[in-house]
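A.B. asks: Following this message is one structure expressed as structure tokens.
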Amino acid sequence: MENPRLIFSSTPHVRTTNSTSKAMLHVIIALLPAVACSLWYFRLPALLVLLVSIGSCMAIEWGVTRFMFHRKNTLTDCSAILTGILLALNLPSTLPLWMVVAGAVMAVGVAKMAFGGLGCNIFNPALVGRVFLLISFPVAMTTWPVPLADGITGPTILSMTKLGTINATDAQLMPLFLGFTGGSMGEVSAAALLLGFIYLLAVKVIRWHIPVSIIAGLAAIDLIAGYPPLIDILSGGLLLGAIFMATDYVTSPMTKKGMVLYGLLIGLITAVIRRWGAYPEGMSFAILIMNGFTPLINRYIRPQRFSPRRKEAIA
């Protein structure tokens, strides 16, 4: 009898009828409400940033795969498109396009392909690109356009509360929920992000453990510090990061208990940076820090073999 053929592939390993490309497409679909809001609020500049980001990520992945790895095209898994969308949503719509390209080079060329491509990266690529741009070009990355107001910029609610120009208890929640405040392209509408969250839960692409744990960890520190948690939850990149980036299959823990610990620590770190750190926003740093701890969490928090606890593992 002929030996069966063994096929080796990189993570994530999907043990259902789904595929990696289908999972990526589901996430892209879930992001469409946020993308639509960003295009409505910021118009043509947002569209240009989005197209340049997606195009650059795809071109870089194709070039590295073709000329450095000498492998077949991997663009069909849709991960480069997703990275491009997430990177764009983490940027202000006024960012110069050459900076968008630089962020894409760092996100895909360094944070993803330098580690071997999809499934081999340690850190979330889009967040690596954003943090690189924030550290390298802090002025451009913190110049926030005002929605539906061409050429007008203004501070975010987190910046104003950080500087003490406004009391957090006086901030209105409805503008934050609907998106009538300044910020990056993907953080202006909590309602759009929550719609995407509901969709991802419905199609079972993600579980609730990480997003809910992040919110719980952040709320705990806010309550201790006397800061209104809802302001922190609805503003900044918290929902965008909690729903779409902290839940990345490759860089997040595999078990439910691991997910809860991972999410709680992201929320705690984010709140600490926001309340007492130098930056008004800390979500990107918190996720990248915990990405580095994911292998350790997977090592020490795992189900026992051949026991009922095995059900904790994600199929």
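Residue numbering restarts at 1 in every chain; chains get A, B, ... in the order shown in the structure tokens, and ligands count up from 1 in that same order.
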Write out as an MDAnalysis selection string each polymer residue whose atoms come within 9 Å of region 95-102 of chain A, counting only C-alpha atoms; drop sequence neighbours fewer than 3 positions from it.

C.D. replies: chainID A and resid 45 48:49 52:53 55:57 87:88 91:92 105:107 129 132:133 137 140:141 143

A.B. asks: Print the selection's residues with N, CA, C and O atoms to a file, as a short mmCIF file (atom, residue, chain, number, x, y, z; two decimals), in the first residue's frame.

C.D. replies:
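Wrote it out as out.cif, contents follow:
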```cif
data_model
loop_
_atom_site.label_atom_id
_atom_site.label_comp_id
_atom_site.auth_asym_id
_atom_site.auth_seq_id
_atom_site.Cartn_x
_atom_site.Cartn_y
_atom_site.Cartn_z
N PRO A 45 -9.43 62.11 0.56
CA PRO A 45 -8.15 61.75 1.22
C PRO A 45 -8.17 60.36 1.84
O PRO A 45 -7.17 59.63 1.77
N LEU A 48 -7.80 57.71 -0.90
CA LEU A 48 -6.43 57.62 -1.40
C LEU A 48 -5.54 56.85 -0.43
O LEU A 48 -4.75 55.99 -0.84
N VAL A 49 -5.67 57.15 0.84
CA VAL A 49 -4.88 56.43 1.85
C VAL A 49 -5.22 54.94 1.83
O VAL A 49 -4.33 54.09 1.88
N VAL A 52 -3.81 53.29 -1.50
CA VAL A 52 -2.35 53.22 -1.48
C VAL A 52 -1.88 52.17 -0.47
O VAL A 52 -0.95 51.41 -0.73
N SER A 53 -2.54 52.10 0.67
CA SER A 53 -2.17 51.13 1.69
C SER A 53 -2.39 49.71 1.19
O SER A 53 -1.50 48.85 1.30
N GLY A 55 -2.76 48.65 -1.97
CA GLY A 55 -1.91 48.40 -3.13
C GLY A 55 -0.46 48.16 -2.73
O GLY A 55 0.21 47.25 -3.27
N SER A 56 0.05 48.95 -1.78
CA SER A 56 1.44 48.79 -1.34
C SER A 56 1.65 47.45 -0.65
O SER A 56 2.64 46.76 -0.90
N CYS A 57 0.71 47.09 0.23
CA CYS A 57 0.84 45.81 0.94
C CYS A 57 0.82 44.64 -0.03
O CYS A 57 1.61 43.68 0.11
N LEU A 87 -4.10 48.71 8.26
CA LEU A 87 -3.10 49.76 8.36
C LEU A 87 -3.74 51.11 8.05
O LEU A 87 -3.52 52.09 8.77
N ALA A 88 -4.52 51.18 6.97
CA ALA A 88 -5.16 52.44 6.59
C ALA A 88 -6.10 52.95 7.69
O ALA A 88 -6.13 54.15 7.99
N LEU A 91 -4.54 54.99 10.45
CA LEU A 91 -3.85 56.22 10.05
C LEU A 91 -4.81 57.38 9.92
O LEU A 91 -5.99 57.19 9.62
N PRO A 92 -4.32 58.62 10.11
CA PRO A 92 -5.16 59.78 9.78
C PRO A 92 -5.27 59.93 8.27
O PRO A 92 -4.33 59.61 7.53
N VAL A 105 5.62 49.00 3.93
CA VAL A 105 6.90 48.29 3.85
C VAL A 105 7.24 47.68 5.20
O VAL A 105 7.67 46.51 5.30
N MET A 106 7.06 48.46 6.27
CA MET A 106 7.36 47.94 7.60
C MET A 106 6.37 46.84 7.99
O MET A 106 6.77 45.82 8.59
N ALA A 107 5.10 47.03 7.67
CA ALA A 107 4.07 46.07 8.07
C ALA A 107 4.24 44.73 7.37
O ALA A 107 4.28 43.68 8.03
N GLY A 129 3.39 48.49 11.52
CA GLY A 129 3.46 49.62 10.60
C GLY A 129 3.00 50.91 11.23
O GLY A 129 3.61 51.97 11.04
N PHE A 132 5.59 52.12 13.90
CA PHE A 132 6.77 52.64 13.19
C PHE A 132 6.51 54.07 12.71
O PHE A 132 7.36 54.97 12.89
N LEU A 133 5.36 54.30 12.10
CA LEU A 133 5.03 55.64 11.62
C LEU A 133 4.85 56.62 12.77
O LEU A 133 5.26 57.79 12.68
N PHE A 137 7.25 59.63 12.59
CA PHE A 137 6.61 60.87 12.13
C PHE A 137 5.48 61.24 13.10
O PHE A 137 4.29 61.19 12.74
N ALA A 140 2.85 64.19 11.96
CA ALA A 140 1.91 63.77 10.91
C ALA A 140 0.92 62.73 11.43
O ALA A 140 -0.26 62.72 11.05
N MET A 141 1.38 61.85 12.32
CA MET A 141 0.52 60.78 12.82
C MET A 141 -0.43 61.23 13.93
O MET A 141 -1.30 60.49 14.34
N THR A 143 -1.92 64.43 13.71
CA THR A 143 -2.70 65.54 13.16
C THR A 143 -4.01 64.96 12.66
O THR A 143 -4.06 64.29 11.64
#
```

A.B. asks: Arg274 (chain A): which residues within 9 Å, counting only C-alpha atoms, same-chain residues fewer than 6 positions away excluded, as a ChimeraX atom specification?

C.D. replies: /A:158,162,232,280-283

A.B. asks: Name all residues at most 9 Å from Thr169 (chain A) (count only C-alpha atoms; drop same-chain ones fewer than 5 positions away) and give them as a PDB file with all heavy atoms, in the first residue's frame.

C.D. replies:
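selection.pdb, freshly written:
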```pdb
ATOM      1  N   TYR A 227     -11.863  57.512  36.183  1.00  0.00           N
ATOM      2  CA  TYR A 227     -12.090  57.974  34.810  1.00  0.00           C
ATOM      3  C   TYR A 227     -13.289  57.220  34.246  1.00  0.00           C
ATOM      4  O   TYR A 227     -13.420  56.010  34.453  1.00  0.00           O
ATOM      5  CB  TYR A 227     -10.851  57.701  33.963  1.00  0.00           C
ATOM      6  CG  TYR A 227     -10.849  58.331  32.606  1.00  0.00           C
ATOM      7  CD1 TYR A 227     -10.303  59.589  32.404  1.00  0.00           C
ATOM      8  CD2 TYR A 227     -11.381  57.666  31.501  1.00  0.00           C
ATOM      9  CE1 TYR A 227     -10.276  60.171  31.141  1.00  0.00           C
ATOM     10  CE2 TYR A 227     -11.368  58.231  30.242  1.00  0.00           C
ATOM     11  CZ  TYR A 227     -10.813  59.486  30.069  1.00  0.00           C
ATOM     12  OH  TYR A 227     -10.819  60.052  28.824  1.00  0.00           O
ATOM     13  N   PRO A 228     -14.182  57.903  33.505  1.00  0.00           N
ATOM     14  CA  PRO A 228     -15.362  57.217  32.938  1.00  0.00           C
ATOM     15  C   PRO A 228     -14.961  56.142  31.931  1.00  0.00           C
ATOM     16  O   PRO A 228     -14.407  56.467  30.878  1.00  0.00           O
ATOM     17  CB  PRO A 228     -16.137  58.350  32.250  1.00  0.00           C
ATOM     18  CG  PRO A 228     -15.608  59.607  32.836  1.00  0.00           C
ATOM     19  CD  PRO A 228     -14.191  59.338  33.198  1.00  0.00           C
ATOM     20  N   ILE A 231     -15.931  56.438  28.031  1.00  0.00           N
ATOM     21  CA  ILE A 231     -15.163  57.363  27.190  1.00  0.00           C
ATOM     22  C   ILE A 231     -13.971  56.636  26.590  1.00  0.00           C
ATOM     23  O   ILE A 231     -13.673  56.752  25.397  1.00  0.00           O
ATOM     24  CB  ILE A 231     -14.683  58.579  28.012  1.00  0.00           C
ATOM     25  CG1 ILE A 231     -15.877  59.347  28.583  1.00  0.00           C
ATOM     26  CG2 ILE A 231     -13.813  59.497  27.146  1.00  0.00           C
ATOM     27  CD1 ILE A 231     -16.770  59.950  27.535  1.00  0.00           C
TER      28      ILE A 231
END
```

A.B. asks: What is the distance, in Å and to one decimal place, between CA of Gly183 (chain A) and CA of Leu86 (chain A)?

C.D. replies: 14.6 Å

A.B. asks: Which is closer to Ala23 (chain A) than all the others in A:Val203, A:Leu178, A:Ile122, A:Leu50, using only C-alpha atoms?

C.D. replies: A:Val203

A.B. asks: Compare A:Asn124, A:Thr65, A:Thr294, A:Thr74 by their minimum atom-to-atom distance to Pro253 (chain A), counting only C-alpha atoms, and give me the closest one.

C.D. replies: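 Checking each candidate against Pro253 (chain A), we get A:Thr294 as the closest.
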
A.B. asks: What's around Ala34 (chain A) at 10 Å? Count only C-alpha atoms, leave out sequence neighbours fewer than 4 positions away in its own chain, and write the answer as a list in words.

C.D. replies: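 Counting only the stated atoms, we get Ile29, Ala30, Ser38, Leu39, Trp40, Leu89, Gly179, Met185, Gly186, Glu187, Val188, Ser189, Ala190, Ala191, Ala192, Leu193, Leu194, Leu195, Gly196 and Leu240 of chain A.
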
A.B. asks: Would you write out those residues with N, CA and C atoms, as a JSON list (two decimals), in the first residue's frame?

C.D. replies:
```json
[["chain", "number", "residue", "atom", "x", "y", "z"],
["A", 29, "ILE", "N", -15.13, 41.71, 5.26],
["A", 29, "ILE", "CA", -16.55, 42.07, 5.22],
["A", 29, "ILE", "C", -16.95, 42.79, 6.51],
["A", 30, "ALA", "N", -16.46, 42.29, 7.65],
["A", 30, "ALA", "CA", -16.79, 42.92, 8.93],
["A", 30, "ALA", "C", -16.24, 44.34, 9.04],
["A", 38, "SER", "N", -15.42, 55.82, 7.34],
["A", 38, "SER", "CA", -14.22, 56.63, 7.13],
["A", 38, "SER", "C", -14.26, 57.35, 5.79],
["A", 39, "LEU", "N", -14.77, 56.68, 4.75],
["A", 39, "LEU", "CA", -14.88, 57.33, 3.44],
["A", 39, "LEU", "C", -15.93, 58.43, 3.46],
["A", 40, "TRP", "N", -17.00, 58.23, 4.21],
["A", 40, "TRP", "CA", -18.05, 59.25, 4.30],
["A", 40, "TRP", "C", -17.55, 60.48, 5.06],
["A", 89, "LEU", "N", -6.85, 52.04, 8.31],
["A", 89, "LEU", "CA", -7.79, 52.45, 9.35],
["A", 89, "LEU", "C", -7.08, 52.93, 10.61],
["A", 179, "GLY", "N", -19.39, 58.73, 15.55],
["A", 179, "GLY", "CA", -18.20, 59.07, 14.78],
["A", 179, "GLY", "C", -17.99, 60.53, 14.47],
["A", 185, "MET", "N", -8.77, 56.95, 10.69],
["A", 185, "MET", "CA", -9.87, 56.58, 9.81],
["A", 185, "MET", "C", -10.77, 55.50, 10.40],
["A", 186, "GLY", "N", -10.20, 54.61, 11.21],
["A", 186, "GLY", "CA", -10.98, 53.49, 11.72],
["A", 186, "GLY", "C", -11.51, 53.63, 13.12],
["A", 187, "GLU", "N", -11.23, 54.75, 13.78],
["A", 187, "GLU", "CA", -11.67, 54.88, 15.17],
["A", 187, "GLU", "C", -12.82, 55.87, 15.33],
["A", 188, "VAL", "N", -13.33, 56.38, 14.23],
["A", 188, "VAL", "CA", -14.31, 57.47, 14.34],
["A", 188, "VAL", "C", -15.73, 56.99, 14.59],
["A", 189, "SER", "N", -16.02, 55.71, 14.42],
["A", 189, "SER", "CA", -17.39, 55.24, 14.63],
["A", 189, "SER", "C", -17.40, 53.92, 15.39],
["A", 190, "ALA", "N", -17.71, 53.99, 16.68],
["A", 190, "ALA", "CA", -17.81, 52.78, 17.47],
["A", 190, "ALA", "C", -18.95, 51.89, 16.98],
["A", 191, "ALA", "N", -20.02, 52.51, 16.50],
["A", 191, "ALA", "CA", -21.17, 51.75, 16.01],
["A", 191, "ALA", "C", -20.78, 50.85, 14.84],
["A", 192, "ALA", "N", -19.99, 51.37, 13.91],
["A", 192, "ALA", "CA", -19.56, 50.58, 12.75],
["A", 192, "ALA", "C", -18.68, 49.42, 13.18],
["A", 193, "LEU", "N", -17.80, 49.64, 14.15],
["A", 193, "LEU", "CA", -16.92, 48.58, 14.63],
["A", 193, "LEU", "C", -17.71, 47.50, 15.35],
["A", 194, "LEU", "N", -18.71, 47.90, 16.12],
["A", 194, "LEU", "CA", -19.54, 46.92, 16.83],
["A", 194, "LEU", "C", -20.37, 46.09, 15.86],
["A", 195, "LEU", "N", -20.80, 46.66, 14.76],
["A", 195, "LEU", "CA", -21.49, 45.88, 13.73],
["A", 195, "LEU", "C", -20.57, 44.79, 13.19],
["A", 196, "GLY", "N", -19.33, 45.15, 12.95],
["A", 196, "GLY", "CA", -18.36, 44.16, 12.50],
["A", 196, "GLY", "C", -18.12, 43.08, 13.53],
["A", 240, "LEU", "N", -11.33, 49.05, 17.61],
["A", 240, "LEU", "CA", -10.68, 48.57, 16.39],
["A", 240, "LEU", "C", -9.61, 47.53, 16.73]]
```

A.B. asks: Would you list the contacts of region 245-248 of chain A as a CSV table (one decimal) with N, CA, C and O atoms, in the first residue's frame, taking every protein, DNA or RNA residue within 9 Å and counting only C-alpha atoms, but skipping same-chain residues closer than 4 positions in sequence?

C.D. replies:
```
chain,number,residue,atom,x,y,z
A,86,LEU,N,-6.4,47.3,7.5
A,86,LEU,CA,-6.2,47.6,8.9
A,86,LEU,C,-5.2,48.7,9.1
A,86,LEU,O,-5.3,49.6,9.9
A,124,ASN,N,1.5,41.6,15.2
A,124,ASN,CA,0.5,42.0,14.2
A,124,ASN,C,1.1,43.0,13.2
A,124,ASN,O,1.6,44.1,13.6
A,126,ALA,N,0.0,45.1,10.8
A,126,ALA,CA,-0.6,46.4,10.7
A,126,ALA,C,-0.2,47.3,11.9
A,126,ALA,O,0.1,48.5,11.7
A,127,LEU,N,-0.1,46.8,13.0
A,127,LEU,CA,0.2,47.6,14.2
A,127,LEU,C,1.7,47.9,14.2
A,127,LEU,O,2.1,49.0,14.7
A,206,ILE,N,-14.2,34.8,15.1
A,206,ILE,CA,-13.6,35.1,16.4
A,206,ILE,C,-14.5,34.6,17.6
A,206,ILE,O,-15.7,34.4,17.4
A,207,ARG,N,-13.9,34.6,18.7
A,207,ARG,CA,-14.7,34.4,20.0
A,207,ARG,C,-14.7,35.7,20.8
A,207,ARG,O,-13.9,36.6,20.5
A,210,ILE,N,-11.4,37.6,23.9
A,210,ILE,CA,-10.4,38.6,23.9
A,210,ILE,C,-11.0,40.0,23.9
A,210,ILE,O,-10.6,40.9,24.8
A,211,PRO,N,-11.9,40.4,23.0
A,211,PRO,CA,-12.5,41.7,23.1
A,211,PRO,C,-13.1,42.1,24.4
A,211,PRO,O,-12.9,43.2,25.0
A,240,LEU,N,-11.3,49.1,17.6
A,240,LEU,CA,-10.7,48.6,16.4
A,240,LEU,C,-9.6,47.5,16.7
A,240,LEU,O,-9.5,46.5,16.1
A,241,GLY,N,-8.8,47.8,17.7
A,241,GLY,CA,-7.8,46.9,18.1
A,241,GLY,C,-8.3,45.6,18.8
A,241,GLY,O,-7.9,44.5,18.5
A,252,SER,N,-2.4,35.6,18.7
A,252,SER,CA,-3.1,35.5,19.9
A,252,SER,C,-3.1,34.1,20.5
A,252,SER,O,-2.9,33.1,19.8
A,253,PRO,N,-3.4,33.9,21.8
A,253,PRO,CA,-3.4,32.6,22.4
A,253,PRO,C,-4.4,31.6,21.8
A,253,PRO,O,-5.4,32.1,21.2
A,259,MET,N,-6.8,33.3,26.2
A,259,MET,CA,-7.4,34.5,25.6
A,259,MET,C,-7.8,35.5,26.6
A,259,MET,O,-7.6,36.7,26.5
A,262,TYR,N,-4.8,37.1,28.2
A,262,TYR,CA,-4.2,38.0,27.1
A,262,TYR,C,-5.0,39.3,27.0
A,262,TYR,O,-4.4,40.4,27.0
A,263,GLY,N,-6.3,39.2,26.9
A,263,GLY,CA,-7.2,40.3,26.8
A,263,GLY,C,-7.1,41.2,28.0
A,263,GLY,O,-7.1,42.5,27.9
A,266,ILE,N,-4.0,43.2,28.0
A,266,ILE,CA,-4.0,44.3,27.0
A,266,ILE,C,-4.8,45.5,27.5
A,266,ILE,O,-4.4,46.6,27.4
A,287,ILE,N,-1.1,45.8,22.5
A,287,ILE,CA,-1.3,44.6,21.7
A,287,ILE,C,0.1,44.0,21.3
A,287,ILE,O,0.3,42.8,21.4
A,288,LEU,N,1.0,44.8,20.9
A,288,LEU,CA,2.3,44.4,20.5
A,288,LEU,C,3.1,43.8,21.6
A,288,LEU,O,3.8,42.7,21.5
A,290,MET,N,1.8,42.3,24.2
A,290,MET,CA,1.2,41.0,24.5
A,290,MET,C,1.3,40.0,23.4
A,290,MET,O,1.3,38.7,23.6
A,291,ASN,N,1.5,40.4,22.2
A,291,ASN,CA,1.9,39.5,21.1
A,291,ASN,C,3.2,38.8,21.4
A,291,ASN,O,3.3,37.6,21.2
```

A.B. asks: Enumerate as a count of residues only all residues of region 54-250 of chain A assigned to helix (DSSP H, G or I) by DSSP on the backbone, naming them with the chain letters and numbers the document uses.

C.D. replies: 122

A.B. asks: Between A:Gly119, A:Pro138, A:Gly84, A:Pro125, single out the one closest to Thr20 (chain A), counting only C-alpha atoms.

C.D. replies: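 Between A:Gly119, A:Pro138, A:Gly84, A:Pro125, the residue approaching Thr20 (chain A) most closely is A:Gly119.
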
A.B. asks: Could you list, as an MDAnalysis selection string, every residue within 8 Å of Ala80 (chain A), counting only C-alpha atoms and ignoring same-chain residues fewer than 6 positions away?

C.D. replies: chainID A and resid 54 57:58 61 108

A.B. asks: As an exercise, work out the distance from CA of Leu264 (chain A) to CA of Leu296 (chain A) in Å and give it to one decimal place.

C.D. replies: 15.5 Å

A.B. asks: By how many Å are CA of Ser136 (chain A) and CA of Ile28 (chain A) apart?

C.D. replies: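 According to the coordinates, CA of Ser136 (chain A) and CA of Ile28 (chain A) are separated by 28.1 Å.
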
A.B. asks: Could you check which of A:Leu234, A:Lys72, A:Thr251, A:Val35 is closest to Ala111 (chain A), using only C-alpha atoms?

C.D. replies: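 Nearest to Ala111 (chain A): A:Thr251.
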
A.B. asks: When you count only C-alpha atoms, which of these residues is closest to Met24 (chain A): A:Val128, A:Phe123, A:Phe115, A:Val205?

C.D. replies: A:Val205

A.B. asks: Kindly indicate which residue among A:Leu239, A:Ala114, A:Met254, A:Met174 lies nearest to Tyr300 (chain A), using only C-alpha atoms for the distances.

C.D. replies: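 Among the listed residues, the smallest separation from Tyr300 (chain A) belongs to A:Met254.
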